[in-house]
>>> print(open('work01.cif').read())   # mmCIF, C-alpha atoms
data_input
loop_
_atom_site.group_PDB
_atom_site.id
_atom_site.type_symbol
_atom_site.label_atom_id
_atom_site.label_comp_id
_atom_site.auth_asym_id
_atom_site.auth_seq_id
_atom_site.Cartn_x
_atom_site.Cartn_y
_atom_site.Cartn_z
ATOM 1 C CA MET A 213 10.678 21.289 4.916
ATOM 2 C CA ALA A 214 12.510 18.664 6.968
ATOM 3 C CA VAL A 215 9.385 16.550 7.409
ATOM 4 C CA TYR A 216 8.656 16.852 3.691
ATOM 5 C CA LEU A 217 12.167 15.678 2.789
ATOM 6 C CA VAL A 218 11.820 12.562 4.958
ATOM 7 C CA GLN A 219 8.185 11.689 4.376
ATOM 8 C CA GLN A 220 7.638 12.694 0.752
ATOM 9 C CA ARG A 221 11.131 12.606 -0.767
ATOM 10 C CA LEU A 222 12.186 9.594 1.369
ATOM 11 C CA LEU A 223 15.530 11.016 2.381
ATOM 12 C CA PRO A 224 17.175 9.273 5.335
ATOM 13 C CA LEU A 225 17.166 11.192 8.617
ATOM 14 C CA ALA A 226 20.912 11.906 8.583
ATOM 15 C CA ARG A 227 20.828 13.139 4.986
ATOM 16 C CA THR A 228 17.839 15.381 5.752
ATOM 17 C CA CYS A 229 19.715 16.945 8.653
ATOM 18 C CA GLU A 230 22.644 17.612 6.308
ATOM 19 C CA VAL A 231 20.371 19.219 3.693
ATOM 20 C CA MET A 232 18.784 21.453 6.327
ATOM 21 C CA GLU A 233 22.249 22.580 7.442
ATOM 22 C CA ASP A 234 23.569 23.074 3.901
ATOM 23 C CA VAL A 235 20.549 24.843 2.401
ATOM 24 C CA LEU A 236 18.975 26.704 5.329
ATOM 25 C CA ALA A 237 21.831 26.855 7.847
ATOM 26 C CA VAL A 238 19.543 25.073 10.336
ATOM 27 C CA SER A 239 21.303 22.578 12.556
ATOM 28 C CA MET A 240 19.153 19.757 13.928
ATOM 29 C CA SER A 241 19.663 16.270 15.249
ATOM 30 C CA GLU A 242 17.900 13.163 14.016
ATOM 31 C CA GLY A 243 16.000 13.138 17.326
ATOM 32 C CA THR A 244 14.697 16.645 16.694
ATOM 33 C CA LEU A 245 13.661 15.593 13.205
ATOM 34 C CA CYS A 246 11.806 12.576 14.614
ATOM 35 C CA ASP A 247 10.017 14.867 17.078
ATOM 36 C CA LEU A 248 8.964 17.138 14.204
ATOM 37 C CA ILE A 249 7.618 14.170 12.250
ATOM 38 C CA GLY A 250 5.670 13.006 15.305
ATOM 39 C CA ARG A 251 4.168 16.462 15.871
ATOM 40 C CA CYS A 252 3.106 16.729 12.241
ATOM 41 C CA ALA A 253 1.609 13.238 12.353
ATOM 42 C CA SER A 254 -0.432 14.070 15.437
ATOM 43 C CA ASN A 255 -1.836 17.107 13.622
ATOM 44 C CA LEU A 256 -3.128 14.779 10.899
ATOM 45 C CA THR A 257 -5.027 12.316 13.124
ATOM 46 C CA GLU A 258 -8.416 13.780 12.239
ATOM 47 C CA VAL A 259 -7.559 13.840 8.517
ATOM 48 C CA GLU A 260 -6.509 10.192 8.686
ATOM 49 C CA GLN A 261 -9.813 9.267 10.330
ATOM 50 C CA HIS A 262 -11.756 11.065 7.571
ATOM 51 C CA ILE A 263 -9.770 9.155 4.943
ATOM 52 C CA LYS A 264 -10.490 5.857 6.694
ATOM 53 C CA GLU A 265 -14.213 6.623 6.897
ATOM 54 C CA ALA A 266 -14.327 7.554 3.209
ATOM 55 C CA LEU A 267 -12.548 4.312 2.279
ATOM 56 C CA ILE A 268 -14.911 2.280 4.464
ATOM 57 C CA SER A 269 -17.921 3.798 2.682
ATOM 58 C CA SER A 270 -16.442 3.260 -0.810
ATOM 59 C CA ASP A 271 -17.889 0.670 -3.169
ATOM 60 C CA VAL A 272 -14.438 -0.647 -4.169
ATOM 61 C CA ILE A 273 -11.065 -0.447 -2.443
ATOM 62 C CA HIS A 274 -7.692 -1.755 -3.533
ATOM 63 C CA GLN A 275 -5.383 -3.285 -0.947
ATOM 64 C CA ASP A 276 -1.806 -4.463 -0.895
ATOM 65 C CA GLU A 277 1.050 -4.935 1.510
ATOM 66 C CA THR A 278 4.808 -4.953 1.170
ATOM 67 C CA ASP A 279 7.652 -5.389 3.579
ATOM 68 C CA LEU A 280 9.985 -2.650 4.744
ATOM 69 C CA TYR A 281 12.516 -2.268 7.502
ATOM 70 C CA VAL A 282 12.060 0.098 10.419
ATOM 71 C CA THR A 283 15.147 0.482 12.614
ATOM 72 C CA GLY A 284 16.433 -2.823 11.275
ATOM 73 C CA HIS A 285 13.231 -4.781 11.947
ATOM 74 C CA ARG A 286 10.948 -6.159 9.249
ATOM 75 C CA GLN A 287 7.545 -4.482 9.217
ATOM 76 C CA TRP A 288 4.671 -4.332 6.719
ATOM 77 C CA MET A 289 3.380 -1.326 4.806
ATOM 78 C CA HIS A 290 -0.361 -1.767 4.240
ATOM 79 C CA VAL A 291 -2.015 0.304 1.522
ATOM 80 C CA THR A 292 -5.742 0.798 1.071
ATOM 81 C CA CYS A 293 -6.825 3.070 -1.757
ATOM 82 C CA THR A 294 -9.330 4.262 -4.313
ATOM 83 C CA PRO A 295 -8.490 6.425 -7.328
ATOM 84 C CA ARG A 296 -8.852 9.503 -5.074
ATOM 85 C CA LEU A 297 -7.802 8.338 -1.589
ATOM 86 C CA THR A 298 -4.836 6.462 -0.158
ATOM 87 C CA HIS A 299 -4.220 5.249 3.385
ATOM 88 C CA TYR A 300 -0.828 3.895 4.465
ATOM 89 C CA ALA A 301 -0.179 2.040 7.701
ATOM 90 C CA VAL A 302 2.962 0.345 8.985
ATOM 91 C CA HIS A 303 2.468 -2.662 11.251
ATOM 92 C CA ALA A 304 4.602 -5.519 12.566
ATOM 93 C CA SER A 305 2.083 -8.013 11.181
ATOM 94 C CA ARG A 306 1.181 -8.766 7.600
ATOM 95 C CA GLY A 307 -2.054 -10.524 8.502
ATOM 96 C CA ARG A 308 -5.286 -10.155 10.420
ATOM 97 C CA ALA A 309 -3.770 -8.444 13.466
ATOM 98 C CA ALA A 310 -2.651 -5.566 11.256
ATOM 99 C CA LEU A 311 -5.884 -5.374 9.268
ATOM 100 C CA ASP A 312 -7.903 -5.299 12.505
ATOM 101 C CA ALA A 313 -5.641 -2.618 14.010
ATOM 102 C CA ILE A 314 -5.859 -0.450 10.883
ATOM 103 C CA GLY A 315 -9.631 -0.704 11.168
ATOM 104 C CA ILE A 316 -10.744 -0.303 7.553
ATOM 105 C CA LEU A 317 -11.431 -3.844 6.382
ATOM 106 C CA PRO A 318 -13.394 -4.997 9.469
ATOM 107 C CA ARG A 319 -16.022 -2.316 8.723
ATOM 108 C CA PHE A 320 -15.889 -2.407 4.925
ATOM 109 C CA GLY A 321 -18.889 -3.758 3.011
ATOM 110 C CA GLY A 322 -17.963 -3.242 -0.656
ATOM 111 C CA THR A 323 -15.496 -5.103 -2.874
ATOM 112 C CA SER A 324 -11.855 -5.422 -1.875
ATOM 113 C CA VAL A 325 -9.466 -5.875 -4.799
ATOM 114 C CA HIS A 326 -6.246 -7.534 -3.661
ATOM 115 C CA ASP A 327 -3.516 -10.048 -4.415
ATOM 116 C CA GLY A 328 -5.293 -13.021 -2.882
ATOM 117 C CA TRP A 329 -3.358 -12.979 0.395
ATOM 118 C CA ARG A 330 -5.398 -15.267 2.667
ATOM 119 C CA SER A 331 -5.878 -12.707 5.455
ATOM 120 C CA TYR A 332 -8.062 -10.546 3.208
ATOM 121 C CA PHE A 333 -10.539 -13.412 2.782
ATOM 122 C CA LEU A 334 -11.181 -13.471 6.544
ATOM 123 C CA TYR A 335 -13.474 -10.450 6.140
ATOM 124 C CA ALA A 336 -17.122 -10.511 5.033
ATOM 125 C CA CYS A 337 -16.836 -8.069 2.128
ATOM 126 C CA ALA A 338 -16.834 -9.120 -1.515
ATOM 127 C CA HIS A 339 -13.420 -9.949 -2.988
ATOM 128 C CA ALA A 340 -11.813 -9.538 -6.403
ATOM 129 C CA LEU A 341 -8.310 -10.493 -7.474
ATOM 130 C CA CYS A 342 -6.004 -7.781 -8.768
ATOM 131 C CA LEU A 343 -5.278 -8.094 -12.494
ATOM 132 C CA VAL A 344 -1.657 -6.997 -12.095
ATOM 133 C CA HIS A 345 -1.021 -9.757 -9.569
ATOM 134 C CA LEU A 346 -2.775 -12.342 -11.754
ATOM 135 C CA LEU A 347 -0.713 -11.302 -14.777
ATOM 136 C CA ARG A 348 2.505 -11.592 -12.775
ATOM 137 C CA GLU A 349 1.606 -15.135 -11.696
ATOM 138 C CA LEU A 350 0.572 -16.112 -15.222
ATOM 139 C CA THR A 351 3.827 -14.693 -16.628
ATOM 140 C CA PHE A 352 5.797 -16.860 -14.208
ATOM 141 C CA LEU A 353 3.792 -19.973 -15.097
ATOM 142 C CA ALA A 354 4.133 -19.313 -18.839
ATOM 143 C CA GLU A 355 7.785 -18.262 -18.942
ATOM 144 C CA GLU A 356 9.346 -20.285 -16.140
ATOM 145 C CA GLN A 357 7.129 -23.367 -16.138
ATOM 146 C CA GLY A 358 6.390 -23.403 -19.881
ATOM 147 C CA LEU A 359 2.639 -23.747 -19.353
ATOM 148 C CA GLU A 360 0.866 -22.787 -22.584
ATOM 149 C CA TRP A 361 -2.531 -22.371 -20.893
ATOM 150 C CA ALA A 362 -1.056 -19.642 -18.671
ATOM 151 C CA ALA A 363 0.210 -17.703 -21.707
ATOM 152 C CA ASP A 364 -3.208 -18.092 -23.376
ATOM 153 C CA LEU A 365 -5.065 -16.919 -20.267
ATOM 154 C CA LYS A 366 -2.715 -13.961 -19.882
ATOM 155 C CA ALA A 367 -3.341 -12.928 -23.498
ATOM 156 C CA LEU A 368 -7.098 -13.267 -22.998
ATOM 157 C CA LEU A 369 -7.080 -11.150 -19.835
ATOM 158 C CA LEU A 370 -5.024 -8.439 -21.544
ATOM 159 C CA GLU A 371 -7.411 -8.447 -24.506
ATOM 160 C CA MET A 372 -10.409 -8.188 -22.144
ATOM 161 C CA GLU A 373 -8.741 -5.276 -20.354
ATOM 162 C CA ALA A 374 -8.097 -3.457 -23.654
ATOM 163 C CA VAL A 375 -11.702 -3.924 -24.818
ATOM 164 C CA THR A 376 -13.007 -2.741 -21.430
ATOM 165 C CA ASP A 377 -10.768 0.340 -21.527
ATOM 166 C CA GLN A 378 -11.931 1.108 -25.065
ATOM 167 C CA ALA A 379 -15.598 0.749 -24.049
ATOM 168 C CA ARG A 380 -15.088 3.156 -21.147
#
>>> encode(input="work01.cif", output="structure tokens")
Amino acid sequence: MAVYLVQQRLLPLARTCEVMEDVLAVSMSEGTLCDLIGRCASNLTEVEQHIKEALISSDVIHQDETDLYVTGHRQWMHVTCTPRLTHYAVHASRGRAALDAIGILPRFGGTSVHDGWRSYFLYACAHALCLVHLLRELTFLAEEQGLEWAADLKALLLEMEAVTDQAR
């Protein structure tokens, strides 16, 4: 339950310890909670490897990264997914060092859909730009820069998406 509260419900360690005390009358320190998380993670090593292998053999993967803070230090959360699988990895680097360490992209041969971050293009797979990221950039160019072509392209892409969804 404690691991679930931290990892799935994203409760801070101290709050999780309080909940465990209040609800289950179980007293634990943040250190004990961290040990529990580590033990659970080690039990999932084989599962993680299976997920990585399935992603590597997929035709299309989606990738993104976002910053987060771990013990006050900026880190990067890397996500690689398909509609059925998701792999998360936290790394100090946003770029190639992280992607190499995670080990999915160096062995991937399909199409990687991403935001156009330059590190993704260092790998030999096919690449496609994420529509959501393109729309965000076009919205900025249209609304903040007043560029009419950006608004027109955004409308066209949204129309193409709607027609594609309808055809499916």
>>> residues_around(input="work01.cif", residues="Thr228 (chain A)", least_positions_apart="6", cutoff="7 Å", atoms="only C-alpha atoms", output="VMD selection string")
chain A and resid 214 217 to 218
>>> resolve_selection(input="work01.cif", expression="the PyMOL selection byres ((chain A and resi 253-268) around 9)", output="list in words")
Leu248, Ile249, Gly250, Arg251, Cys252, Ser269, Ser270, Asp271, Val272, Ile273, Thr292, Cys293, Thr294, Leu297, Thr298, His299, Ile314, Gly315, Ile316, Leu317, Pro318, Arg319, Phe320, Gly321 and Gly322 of chain A
>>> atom_distance(input="work01.cif", atom1="CA of Gln357 (chain A)", atom2="CA of Val344 (chain A)")
19.0 Å
>>> resolve_selection(input="work01.cif", expression="the PyMOL selection byres ((chain A and resi 300) around 6)", output="PyMOL selection string")
chain A and resi 290-291+299+301
>>> atom_distance(input="work01.cif", atom1="CA of Ala340 (chain A)", atom2="CA of Ser305 (chain A)")
22.5 Å
>>> atom_distance(input="work01.cif", atom1="CA of Ser241 (chain A)", atom2="CA of His303 (chain A)")
25.9 Å
>>> closest_residue(input="work01.cif", among="A:Thr244, A:Gln219, A:Gln275, A:Thr283", to="His345 (chain A)", atoms="all atoms listed in the file")
A:Gln275
>>> resolve_selection(input="work01.cif", expression="the PyMOL selection byres ((chain A and resi 365) around 12)", output="list in words")
Leu343, Leu346, Leu347, Arg348, Glu349, Leu350, Thr351, Leu353, Ala354, Leu359, Glu360, Trp361, Ala362, Ala363, Asp364, Lys366, Ala367, Leu368, Leu369, Leu370, Glu371 and Met372 of chain A
>>> write_last_selection(input="work01.cif", atoms="C-alpha atoms", output="mmCIF file, in the coordinates of the input")
data_model
loop_
_atom_site.group_PDB
_atom_site.id
_atom_site.type_symbol
_atom_site.label_atom_id
_atom_site.label_comp_id
_atom_site.auth_asym_id
_atom_site.auth_seq_id
_atom_site.Cartn_x
_atom_site.Cartn_y
_atom_site.Cartn_z
ATOM 1 C CA LEU A 343 -5.278 -8.094 -12.494
ATOM 2 C CA LEU A 346 -2.775 -12.342 -11.754
ATOM 3 C CA LEU A 347 -0.713 -11.302 -14.777
ATOM 4 C CA ARG A 348 2.505 -11.592 -12.775
ATOM 5 C CA GLU A 349 1.606 -15.135 -11.696
ATOM 6 C CA LEU A 350 0.572 -16.112 -15.222
ATOM 7 C CA THR A 351 3.827 -14.693 -16.628
ATOM 8 C CA LEU A 353 3.792 -19.973 -15.097
ATOM 9 C CA ALA A 354 4.133 -19.313 -18.839
ATOM 10 C CA LEU A 359 2.639 -23.747 -19.353
ATOM 11 C CA GLU A 360 0.866 -22.787 -22.584
ATOM 12 C CA TRP A 361 -2.531 -22.371 -20.893
ATOM 13 C CA ALA A 362 -1.056 -19.642 -18.671
ATOM 14 C CA ALA A 363 0.210 -17.703 -21.707
ATOM 15 C CA ASP A 364 -3.208 -18.092 -23.376
ATOM 16 C CA LYS A 366 -2.715 -13.961 -19.882
ATOM 17 C CA ALA A 367 -3.341 -12.928 -23.498
ATOM 18 C CA LEU A 368 -7.098 -13.267 -22.998
ATOM 19 C CA LEU A 369 -7.080 -11.150 -19.835
ATOM 20 C CA LEU A 370 -5.024 -8.439 -21.544
ATOM 21 C CA GLU A 371 -7.411 -8.447 -24.506
ATOM 22 C CA MET A 372 -10.409 -8.188 -22.144
#
>>> closest_residue(input="work01.cif", among="A:Arg296, A:Arg380, A:Arg286, A:His274", to="Cys342 (chain A)", atoms="all atoms listed in the file")
A:His274
>>> axis_aligned_box(input="work01.cif", around="region 361-379 of chain A", padding_each_side="4 Å", output="AutoDock Vina command-line options")
--center_x -7.7 --center_y -10.6 --center_z -21.9 --size_x 23.8 --size_y 31.5 --size_z 14.4
>>> residues_near_point(input="work01.cif", point="(-11.2, -8.3, -1.7)", cutoff="8 Å", atoms="only C-alpha atoms", output="mmCIF file with C-alpha atoms, in the frame of the given file")
data_model
loop_
_atom_site.group_PDB
_atom_site.id
_atom_site.type_symbol
_atom_site.label_atom_id
_atom_site.label_comp_id
_atom_site.auth_asym_id
_atom_site.auth_seq_id
_atom_site.Cartn_x
_atom_site.Cartn_y
_atom_site.Cartn_z
ATOM 1 C CA ILE A 273 -11.065 -0.447 -2.443
ATOM 2 C CA HIS A 274 -7.692 -1.755 -3.533
ATOM 3 C CA GLN A 275 -5.383 -3.285 -0.947
ATOM 4 C CA THR A 323 -15.496 -5.103 -2.874
ATOM 5 C CA SER A 324 -11.855 -5.422 -1.875
ATOM 6 C CA VAL A 325 -9.466 -5.875 -4.799
ATOM 7 C CA HIS A 326 -6.246 -7.534 -3.661
ATOM 8 C CA GLY A 328 -5.293 -13.021 -2.882
ATOM 9 C CA TYR A 332 -8.062 -10.546 3.208
ATOM 10 C CA PHE A 333 -10.539 -13.412 2.782
ATOM 11 C CA CYS A 337 -16.836 -8.069 2.128
ATOM 12 C CA ALA A 338 -16.834 -9.120 -1.515
ATOM 13 C CA HIS A 339 -13.420 -9.949 -2.988
ATOM 14 C CA ALA A 340 -11.813 -9.538 -6.403
ATOM 15 C CA LEU A 341 -8.310 -10.493 -7.474
#
>>> closest_residue(input="work01.cif", among="A:Leu280, A:Ala313, A:Met232, A:Gly243", to="Tyr216 (chain A)", atoms="all atoms listed in the file")
A:Met232
>>> build_atoms(input="work01.cif", residues="region 329-340 of chain A", atoms="all heavy atoms", output="CSV table (one decimal), in the coordinates of the input")
chain,number,residue,atom,x,y,z
A,329,TRP,N,-4.0,-12.6,-0.9
A,329,TRP,CA,-3.4,-13.0,0.4
A,329,TRP,C,-4.5,-13.5,1.3
A,329,TRP,O,-5.5,-12.8,1.4
A,329,TRP,CB,-2.6,-11.8,1.0
A,329,TRP,CG,-2.0,-12.0,2.3
A,329,TRP,CD1,-2.3,-11.4,3.5
A,329,TRP,CD2,-0.9,-12.9,2.6
A,329,TRP,NE1,-1.6,-11.9,4.5
A,329,TRP,CE2,-0.7,-12.8,4.0
A,329,TRP,CE3,-0.1,-13.8,1.9
A,329,TRP,CZ2,0.3,-13.5,4.7
A,329,TRP,CZ3,0.9,-14.5,2.5
A,329,TRP,CH2,1.1,-14.4,3.9
A,330,ARG,N,-4.3,-14.6,1.9
A,330,ARG,CA,-5.4,-15.3,2.7
A,330,ARG,C,-6.0,-14.4,3.8
A,330,ARG,O,-7.2,-14.6,4.0
A,330,ARG,CB,-4.9,-16.6,3.2
A,330,ARG,CG,-3.9,-16.5,4.3
A,330,ARG,CD,-3.5,-17.9,4.8
A,330,ARG,NE,-2.5,-17.8,5.8
A,330,ARG,CZ,-1.2,-18.0,5.6
A,330,ARG,NH1,-0.8,-18.4,4.5
A,330,ARG,NH2,-0.3,-17.8,6.6
A,331,SER,N,-5.3,-13.5,4.4
A,331,SER,CA,-5.9,-12.7,5.5
A,331,SER,C,-7.0,-11.8,5.0
A,331,SER,O,-8.0,-11.6,5.7
A,331,SER,CB,-4.8,-11.8,6.1
A,331,SER,OG,-3.8,-12.6,6.7
A,332,TYR,N,-7.0,-11.4,3.7
A,332,TYR,CA,-8.1,-10.5,3.2
A,332,TYR,C,-9.4,-11.3,3.2
A,332,TYR,O,-10.4,-10.7,3.4
A,332,TYR,CB,-7.7,-10.0,1.8
A,332,TYR,CG,-6.6,-9.1,1.7
A,332,TYR,CD1,-5.5,-9.3,0.9
A,332,TYR,CD2,-6.6,-7.9,2.5
A,332,TYR,CE1,-4.4,-8.5,0.9
A,332,TYR,CE2,-5.5,-7.0,2.4
A,332,TYR,CZ,-4.4,-7.3,1.6
A,332,TYR,OH,-3.4,-6.4,1.6
A,333,PHE,N,-9.3,-12.6,2.9
A,333,PHE,CA,-10.5,-13.4,2.8
A,333,PHE,C,-11.2,-13.7,4.1
A,333,PHE,O,-12.3,-14.3,4.2
A,333,PHE,CB,-10.2,-14.7,2.1
A,333,PHE,CG,-9.9,-14.6,0.6
A,333,PHE,CD1,-8.6,-14.7,0.1
A,333,PHE,CD2,-10.9,-14.2,-0.3
A,333,PHE,CE1,-8.3,-14.6,-1.2
A,333,PHE,CE2,-10.6,-14.1,-1.6
A,333,PHE,CZ,-9.3,-14.2,-2.1
A,334,LEU,N,-10.6,-13.3,5.2
A,334,LEU,CA,-11.2,-13.5,6.5
A,334,LEU,C,-12.3,-12.5,6.8
A,334,LEU,O,-13.0,-12.6,7.9
A,334,LEU,CB,-10.1,-13.4,7.6
A,334,LEU,CG,-9.0,-14.4,7.5
A,334,LEU,CD1,-7.9,-14.1,8.6
A,334,LEU,CD2,-9.5,-15.8,7.7
A,335,TYR,N,-12.5,-11.5,5.9
A,335,TYR,CA,-13.5,-10.4,6.1
A,335,TYR,C,-14.7,-10.6,5.2
A,335,TYR,O,-14.5,-11.2,4.1
A,335,TYR,CB,-12.8,-9.1,5.9
A,335,TYR,CG,-11.7,-8.9,7.0
A,335,TYR,CD1,-10.4,-9.3,6.7
A,335,TYR,CD2,-12.0,-8.3,8.2
A,335,TYR,CE1,-9.4,-9.1,7.7
A,335,TYR,CE2,-11.0,-8.2,9.2
A,335,TYR,CZ,-9.7,-8.6,8.9
A,335,TYR,OH,-8.7,-8.4,9.8
A,336,ALA,N,-15.8,-10.2,5.7
A,336,ALA,CA,-17.1,-10.5,5.0
A,336,ALA,C,-17.4,-9.7,3.8
A,336,ALA,O,-18.5,-9.9,3.2
A,336,ALA,CB,-18.2,-10.3,6.1
A,337,CYS,N,-16.6,-8.8,3.3
A,337,CYS,CA,-16.8,-8.1,2.1
A,337,CYS,C,-16.7,-9.0,0.9
A,337,CYS,O,-16.3,-10.1,1.0
A,337,CYS,CB,-15.9,-6.9,2.0
A,337,CYS,SG,-14.1,-7.4,1.9
A,338,ALA,N,-17.1,-8.4,-0.3
A,338,ALA,CA,-16.8,-9.1,-1.5
A,338,ALA,C,-15.3,-9.0,-1.9
A,338,ALA,O,-14.7,-8.1,-1.4
A,338,ALA,CB,-17.7,-8.5,-2.6
A,339,HIS,N,-14.8,-9.9,-2.7
A,339,HIS,CA,-13.4,-9.9,-3.0
A,339,HIS,C,-13.2,-10.1,-4.5
A,339,HIS,O,-14.0,-10.7,-5.2
A,339,HIS,CB,-12.7,-11.1,-2.3
A,339,HIS,CG,-12.8,-11.0,-0.8
A,339,HIS,ND1,-11.9,-10.4,-0.1
A,339,HIS,CD2,-13.7,-11.6,0.1
A,339,HIS,CE1,-12.2,-10.4,1.2
A,339,HIS,NE2,-13.3,-11.2,1.3
A,340,ALA,N,-12.2,-9.4,-5.0
A,340,ALA,CA,-11.8,-9.5,-6.4
A,340,ALA,C,-10.3,-9.6,-6.5
A,340,ALA,O,-9.6,-8.9,-5.6
A,340,ALA,CB,-12.3,-8.3,-7.2
